[in-house]
Structure formats: structure tokens, C-alpha cells
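Shown below: start.pdb, with PDB, C-alpha atoms.
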```
ATOM      1  CA  MET A   1      -2.232  17.999  47.537
ATOM      2  CA  SER A   2      -4.085  14.683  47.885
ATOM      3  CA  ASN A   3      -2.770  11.295  46.946
ATOM      4  CA  PRO A   4      -4.106   9.501  43.833
ATOM      5  CA  ALA A   5      -6.088   6.956  45.858
ATOM      6  CA  GLU A   6      -8.063   9.755  47.523
ATOM      7  CA  ARG A   7      -8.767  11.454  44.182
ATOM      8  CA  ASP A   8     -10.083   8.237  42.628
ATOM      9  CA  ALA A   9     -12.124   7.094  45.611
ATOM     10  CA  PRO A  10     -15.791   8.083  45.826
ATOM     11  CA  PRO A  11     -16.480  10.553  48.631
ATOM     12  CA  ALA A  12     -17.154   8.723  51.895
ATOM     13  CA  ARG A  13     -20.692   8.997  53.175
ATOM     14  CA  GLN A  14     -21.072  10.594  56.592
ATOM     15  CA  ALA A  15     -22.306   7.304  58.072
ATOM     16  CA  ASN A  16     -19.109   5.576  56.914
ATOM     17  CA  LYS A  17     -17.048   8.314  58.530
ATOM     18  CA  ARG A  18     -19.025   7.879  61.740
ATOM     19  CA  GLY A  19     -18.572   4.114  61.569
ATOM     20  CA  ALA A  20     -14.831   4.585  61.178
ATOM     21  CA  ALA A  21     -14.891   7.038  64.092
ATOM     22  CA  ARG A  22     -16.707   4.465  66.243
ATOM     23  CA  LEU A  23     -14.154   1.766  65.421
ATOM     24  CA  ALA A  24     -11.247   4.129  66.120
ATOM     25  CA  ALA A  25     -12.851   5.194  69.420
ATOM     26  CA  VAL A  26     -13.180   1.544  70.487
ATOM     27  CA  GLN A  27      -9.523   0.933  69.574
ATOM     28  CA  ALA A  28      -8.443   4.066  71.456
ATOM     29  CA  LEU A  29     -10.501   3.101  74.539
ATOM     30  CA  TYR A  30      -8.895  -0.333  74.437
ATOM     31  CA  GLN A  31      -5.435   1.228  74.185
ATOM     32  CA  MET A  32      -6.186   3.550  77.109
ATOM     33  CA  ASP A  33      -7.398   0.609  79.202
ATOM     34  CA  VAL A  34      -4.458  -1.684  78.424
ATOM     35  CA  ALA A  35      -1.624   0.845  78.305
ATOM     36  CA  GLY A  36      -3.012   3.234  80.893
ATOM     37  CA  ALA A  37      -2.570   6.106  78.434
ATOM     38  CA  GLY A  38      -4.430   9.376  78.916
ATOM     39  CA  LEU A  39      -7.330  10.762  76.923
ATOM     40  CA  LEU A  40      -5.522  13.744  75.395
ATOM     41  CA  GLU A  41      -2.458  11.695  74.473
ATOM     42  CA  ILE A  42      -4.513   8.971  72.757
ATOM     43  CA  ALA A  43      -6.863  11.396  70.979
ATOM     44  CA  ALA A  44      -3.907  13.378  69.626
ATOM     45  CA  GLU A  45      -2.128  10.195  68.481
ATOM     46  CA  TYR A  46      -5.186   8.881  66.631
ATOM     47  CA  GLU A  47      -5.961  12.185  64.971
ATOM     48  CA  ALA A  48      -2.357  12.799  63.919
ATOM     49  CA  PHE A  49      -1.285   9.292  62.927
ATOM     50  CA  ARG A  50      -4.240   6.962  62.441
ATOM     51  CA  LEU A  51      -7.542   8.441  61.252
ATOM     52  CA  GLY A  52      -7.451   8.259  57.461
ATOM     53  CA  LYS A  53      -3.746   7.342  57.499
ATOM     54  CA  GLU A  54      -1.711   4.256  56.685
ATOM     55  CA  VAL A  55      -0.221   2.428  59.677
ATOM     56  CA  ASP A  56       1.957  -0.665  59.252
ATOM     57  CA  GLY A  57       0.562  -1.309  55.774
ATOM     58  CA  ALA A  58      -3.084  -1.011  56.863
ATOM     59  CA  THR A  59      -5.017   2.088  55.865
ATOM     60  CA  TYR A  60      -7.408   3.481  58.433
ATOM     61  CA  ARG A  61     -10.607   4.728  56.872
ATOM     62  CA  GLU A  62     -11.302   8.430  56.861
ATOM     63  CA  ALA A  63     -13.193   9.131  60.073
ATOM     64  CA  ASP A  64     -15.325  11.906  61.481
ATOM     65  CA  ALA A  65     -12.767  13.317  63.947
ATOM     66  CA  GLN A  66     -15.414  15.225  65.908
ATOM     67  CA  TRP A  67     -17.482  12.059  66.351
ATOM     68  CA  PHE A  68     -14.343  10.166  67.424
ATOM     69  CA  ARG A  69     -13.477  12.830  70.030
ATOM     70  CA  ALA A  70     -17.064  13.002  71.301
ATOM     71  CA  ILE A  71     -17.249   9.238  71.885
ATOM     72  CA  LEU A  72     -13.792   9.027  73.424
ATOM     73  CA  SER A  73     -14.185  11.965  75.800
ATOM     74  CA  GLY A  74     -17.824  11.078  76.512
ATOM     75  CA  VAL A  75     -16.939   7.556  77.610
ATOM     76  CA  VAL A  76     -14.072   8.786  79.784
ATOM     77  CA  GLU A  77     -16.143  11.561  81.395
ATOM     78  CA  ASN A  78     -19.198   9.346  81.973
ATOM     79  CA  GLN A  79     -17.571   5.995  82.775
ATOM     80  CA  LYS A  80     -18.856   6.057  86.379
ATOM     81  CA  THR A  81     -22.392   6.293  84.970
ATOM     82  CA  ILE A  82     -21.871   3.976  81.987
ATOM     83  CA  ASP A  83     -20.316   0.984  83.799
ATOM     84  CA  PRO A  84     -23.258   0.434  86.214
ATOM     85  CA  VAL A  85     -25.663   0.588  83.237
ATOM     86  CA  ILE A  86     -23.608  -2.125  81.498
ATOM     87  CA  ARG A  87     -23.440  -4.183  84.717
ATOM     88  CA  GLN A  88     -27.245  -4.077  85.020
ATOM     89  CA  ALA A  89     -27.643  -5.243  81.426
ATOM     90  CA  LEU A  90     -25.227  -8.167  81.758
ATOM     91  CA  THR A  91     -26.366 -11.547  83.008
ATOM     92  CA  GLU A  92     -25.017 -12.747  86.345
ATOM     93  CA  ASP A  93     -22.654 -15.214  84.652
ATOM     94  CA  TRP A  94     -21.057 -12.347  82.693
ATOM     95  CA  PRO A  95     -19.884  -9.717  85.200
ATOM     96  CA  LEU A  96     -18.204  -6.626  83.751
ATOM     97  CA  SER A  97     -14.886  -7.764  85.237
ATOM     98  CA  ARG A  98     -15.056 -10.960  83.128
ATOM     99  CA  LEU A  99     -15.172  -9.028  79.861
ATOM    100  CA  ASP A 100     -11.911  -8.405  78.056
ATOM    101  CA  SER A 101     -10.762  -4.857  77.345
ATOM    102  CA  THR A 102     -12.008  -4.861  73.742
ATOM    103  CA  LEU A 103     -15.506  -5.957  74.711
ATOM    104  CA  ARG A 104     -15.631  -3.408  77.546
ATOM    105  CA  ALA A 105     -14.570  -0.679  75.091
ATOM    106  CA  ILE A 106     -17.285  -1.685  72.585
ATOM    107  CA  LEU A 107     -20.001  -1.734  75.246
ATOM    108  CA  ARG A 108     -18.889   1.522  76.858
ATOM    109  CA  ALA A 109     -18.907   3.351  73.515
ATOM    110  CA  GLY A 110     -22.284   1.869  72.513
ATOM    111  CA  VAL A 111     -23.901   2.655  75.866
ATOM    112  CA  PHE A 112     -22.507   6.193  75.765
ATOM    113  CA  GLU A 113     -24.154   6.772  72.382
ATOM    114  CA  LEU A 114     -27.453   5.258  73.525
ATOM    115  CA  MET A 115     -27.487   7.503  76.584
ATOM    116  CA  GLU A 116     -26.175  10.750  75.094
ATOM    117  CA  ARG A 117     -26.814  10.733  71.329
ATOM    118  CA  LYS A 118     -30.605  10.754  71.148
ATOM    119  CA  ASP A 119     -30.272  12.091  67.586
ATOM    120  CA  VAL A 120     -28.915   8.706  66.436
ATOM    121  CA  PRO A 121     -31.473   5.895  66.036
ATOM    122  CA  VAL A 122     -31.118   2.907  68.380
ATOM    123  CA  ALA A 123     -30.971   0.493  65.423
ATOM    124  CA  VAL A 124     -27.987   2.352  63.950
ATOM    125  CA  ILE A 125     -26.049   2.355  67.223
ATOM    126  CA  VAL A 126     -26.718  -1.321  67.968
ATOM    127  CA  SER A 127     -25.934  -2.411  64.409
ATOM    128  CA  GLU A 128     -22.671  -0.419  64.242
ATOM    129  CA  TYR A 129     -21.328  -1.787  67.534
ATOM    130  CA  VAL A 130     -22.388  -5.364  66.723
ATOM    131  CA  ASP A 131     -20.446  -4.986  63.445
ATOM    132  CA  ILE A 132     -17.413  -3.741  65.391
ATOM    133  CA  ALA A 133     -17.712  -6.764  67.700
ATOM    134  CA  LYS A 134     -17.825  -9.039  64.628
ATOM    135  CA  ALA A 135     -14.531  -7.518  63.467
ATOM    136  CA  PHE A 136     -12.853  -8.772  66.650
ATOM    137  CA  TYR A 137     -14.854 -11.861  67.629
ATOM    138  CA  GLU A 138     -16.532 -14.885  66.083
ATOM    139  CA  GLU A 139     -19.711 -15.961  67.798
ATOM    140  CA  GLU A 140     -20.756 -15.212  71.366
ATOM    141  CA  GLU A 141     -19.370 -11.710  71.836
ATOM    142  CA  PRO A 142     -21.336 -10.039  68.997
ATOM    143  CA  LYS A 143     -24.497 -11.684  70.401
ATOM    144  CA  LEU A 144     -23.594 -10.373  73.857
ATOM    145  CA  VAL A 145     -23.061  -6.839  72.474
ATOM    146  CA  ASN A 146     -26.436  -7.034  70.716
ATOM    147  CA  ALA A 147     -28.238  -8.255  73.853
ATOM    148  CA  VAL A 148     -26.619  -5.739  76.208
ATOM    149  CA  LEU A 149     -27.167  -2.748  73.919
ATOM    150  CA  ASP A 150     -30.759  -3.840  73.295
ATOM    151  CA  ARG A 151     -31.432  -4.053  77.050
ATOM    152  CA  VAL A 152     -29.823  -0.657  77.606
ATOM    153  CA  ALA A 153     -31.841   0.870  74.728
ATOM    154  CA  ARG A 154     -35.085  -0.387  76.288
ATOM    155  CA  ARG A 155     -34.068   1.008  79.675
ATOM    156  CA  VAL A 156     -32.701   4.422  78.639
ATOM    157  CA  ARG A 157     -34.794   5.118  75.526
ATOM    158  CA  GLY A 158     -37.820   2.877  75.919
ATOM    159  CA  GLU A 159     -37.108   1.216  72.596
ATOM    160  CA  GLY A 160     -35.537  -1.976  71.407
ATOM    161  CA  ARG A 161     -36.614  -5.411  70.299
ATOM    162  CA  GLY A 162     -38.539  -6.066  73.506
ATOM    163  CA  ARG A 163     -41.030  -3.298  72.849
ATOM    164  CA  ASP A 164     -42.603  -1.715  69.763
ATOM    165  CA  ALA A 165     -40.736   1.480  68.981
TER     166      ALA A 165
END
```

Written as C-alpha cells, how would this file's structure read?
Amino acid sequence: MSNPAERDAPPARQANKRGAARLAAVQALYQMDVAGAGLLEIAAEYEAFRLGKEVDGATYREADAQWFRAILSGVVENQKTIDPVIRQALTEDWPLSRLDSTLRAILRAGVFELMERKDVPVAVIVSEYVDIAKAFYEEEEPKLVNAVLDRVARRVRGEGRGRDA
């Protein structure tokens, strides 16, 4: 019982589903930060009403729900570890408190993956979260995401642009 658009669409590659899961996780983290909503409430809402569904005329891409949950719960559970790592990677003129909720959500999700998902290449993680930043911002913020995630990758994985991987 699928709709015609799903039948005609080519099957989504796993990477696309993970990319959609990353974007949804960033949006959910933002929503939790701004609205003060809880993890279980937000995860249930996204899985029931957003992932792969149409909302207000916009269709959310099919997402890897497990990947979405892992990022969301991982960021929440490890935020006390993640935030200091981000703070260390930021320049002094960009304290974590200066970042808006969307940028904090992007960095938290990216740093979580760099720290906990050793099975995912650094280049994939950095590229995906820079692309997410580009969806929300024009110029400086995607560069900031790239720089911060690159610094974190060098620190936690010993790889990044600053060193031959």
C-alpha cells in the first residue's frame, strides 16, 4: 500500500537515508533546544509525522530511523562531553554561547559522529554536516562548521586536513 510517488521513485541509497537522518536529527536537536522538548517526545514526533512524510506541503526524505535515533540520543547522552570538545575547537571570538541553536545542533551532531562512529569516514561526516549548514546559512557558518569539525577530527581521530590521513 505505497503511494504512486514511492513506486516510481528509484530506491534511496543508504547514504541518502543517512543524510536525511542527519538533517532530521539536527532539526530535532534544534527543536529540543528552542522548545525545551524532551528526547522521547521529539523522537516519537519525528518518526511518526516527519521522516519520509509530507509536512505543510514539504516532503521529508525517507530517512534511516535508526541512524536518526542514534544521533539524537547520542548527542543528548553525551552533551557534557561534546560541548567542551566544540568549545576547544572554536576560536576565542566564537564562544559556544554565541552560536545560534541551529549551529549548535549541527556541531553537536557532527562531533558526536566523529567521536562515536569510527565506522564512518571523517570526510563523509564533515561533508554531510557542512552541506546541512549550507541549507541554513550562506557564507561564514558552513566555513565555521568545516573548520570546527576538521579540528575535532584531528584531535579525536588523528585525521583531517592538517595531517595526512

The PyMOL selection byres ((chain A and resi 39-48) around 8) applied to the shown file, residues as a VMD selection string:
chain A and resid 24 28 31 to 32 37 to 38 49 to 51 65 69 72 to 73 76

CA of Arg155 in chain A to CA of Glu140 in chain A, distance in Å rounded to a single decimal:
22.6 Å

A:Asp64, A:Glu77, A:Asp33, A:Asp119: which is nearest Asn16 in chain A, counting all atoms listed in the file?
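Distance minimum relative to Asn16 in chain A lands on A:Asp64.
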
Enumerate, as a ChimeraX atom specification, the residues matched when the PyMOL selection byres ((chain A and resi 128) around 12) is run on the file above.
/A:15-23,26,106-107,109-110,113-114,120-127,129-135,142,145-146,149

Nearest to Thr102 in chain A among A:Asp150, A:Tyr137, A:Gly158, A:Lys53, with distances taken over all atoms listed in the file: which residue is it?
A:Tyr137

May I ask for the distance between CA of Trp94 in chain A and CA of Ile82 in chain A, given in Å to one decimal place?
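Those two atoms sit 16.4 Å apart.
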
Can you work out which one of A:Ile71, A:Leu144, A:Met115, A:Leu29 has the shortest atom-to-atom distance to Asp93 in chain A, counting all atoms listed in the file?
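Using all atoms listed in the file, Asp93 in chain A sits closest to A:Leu144.
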
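The shortest atom-to-atom distance to Val75 in chain A, with only C-alpha atoms taken into account, belongs to A:Val111 out of A:Val111, A:Leu90, A:Ala63, A:Val152.
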
Looking at A:Ala35, A:Ala153, A:Gln79, A:Glu62, which one is nearest to Arg117 in chain A, with distances taken over all atoms listed in the file?
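Closest to Arg117 in chain A of all the choices is A:Ala153.
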
Would you work out the distance separating CA of Gly36 in chain A from CA of Val85 in chain A, expressed in Å to one decimal?
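Interatomic distance, CA of Gly36 in chain A to CA of Val85 in chain A: 22.9 Å.
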
So which residues get picked by the PyMOL selection byres ((chain A and resi 95) around 12) here, written as a short mmCIF file (atom, residue, chain, number, x, y, z; two decimals) with C-alpha atoms, keeping the file's coordinate frame?
```cif
data_model
loop_
_atom_site.label_atom_id
_atom_site.label_comp_id
_atom_site.auth_asym_id
_atom_site.auth_seq_id
_atom_site.Cartn_x
_atom_site.Cartn_y
_atom_site.Cartn_z
CA ASP A 83 -20.32 0.98 83.80
CA PRO A 84 -23.26 0.43 86.21
CA VAL A 85 -25.66 0.59 83.24
CA ILE A 86 -23.61 -2.12 81.50
CA ARG A 87 -23.44 -4.18 84.72
CA GLN A 88 -27.24 -4.08 85.02
CA ALA A 89 -27.64 -5.24 81.43
CA LEU A 90 -25.23 -8.17 81.76
CA THR A 91 -26.37 -11.55 83.01
CA GLU A 92 -25.02 -12.75 86.34
CA ASP A 93 -22.65 -15.21 84.65
CA TRP A 94 -21.06 -12.35 82.69
CA LEU A 96 -18.20 -6.63 83.75
CA SER A 97 -14.89 -7.76 85.24
CA ARG A 98 -15.06 -10.96 83.13
CA LEU A 99 -15.17 -9.03 79.86
CA ASP A 100 -11.91 -8.40 78.06
CA LEU A 103 -15.51 -5.96 74.71
CA ARG A 104 -15.63 -3.41 77.55
CA LEU A 144 -23.59 -10.37 73.86
CA VAL A 148 -26.62 -5.74 76.21
#
```

Centre and edge lengths, as AutoDock Vina command-line options, for the axis-aligned box enclosing every listed atom of range 86-101 of chain A with 3 Å of padding on each of the six sides, in Å to one decimal?
```
--center_x -19.2 --center_y -8.7 --center_z 81.8 --size_x 22.9 --size_y 19.1 --size_z 15.0
```
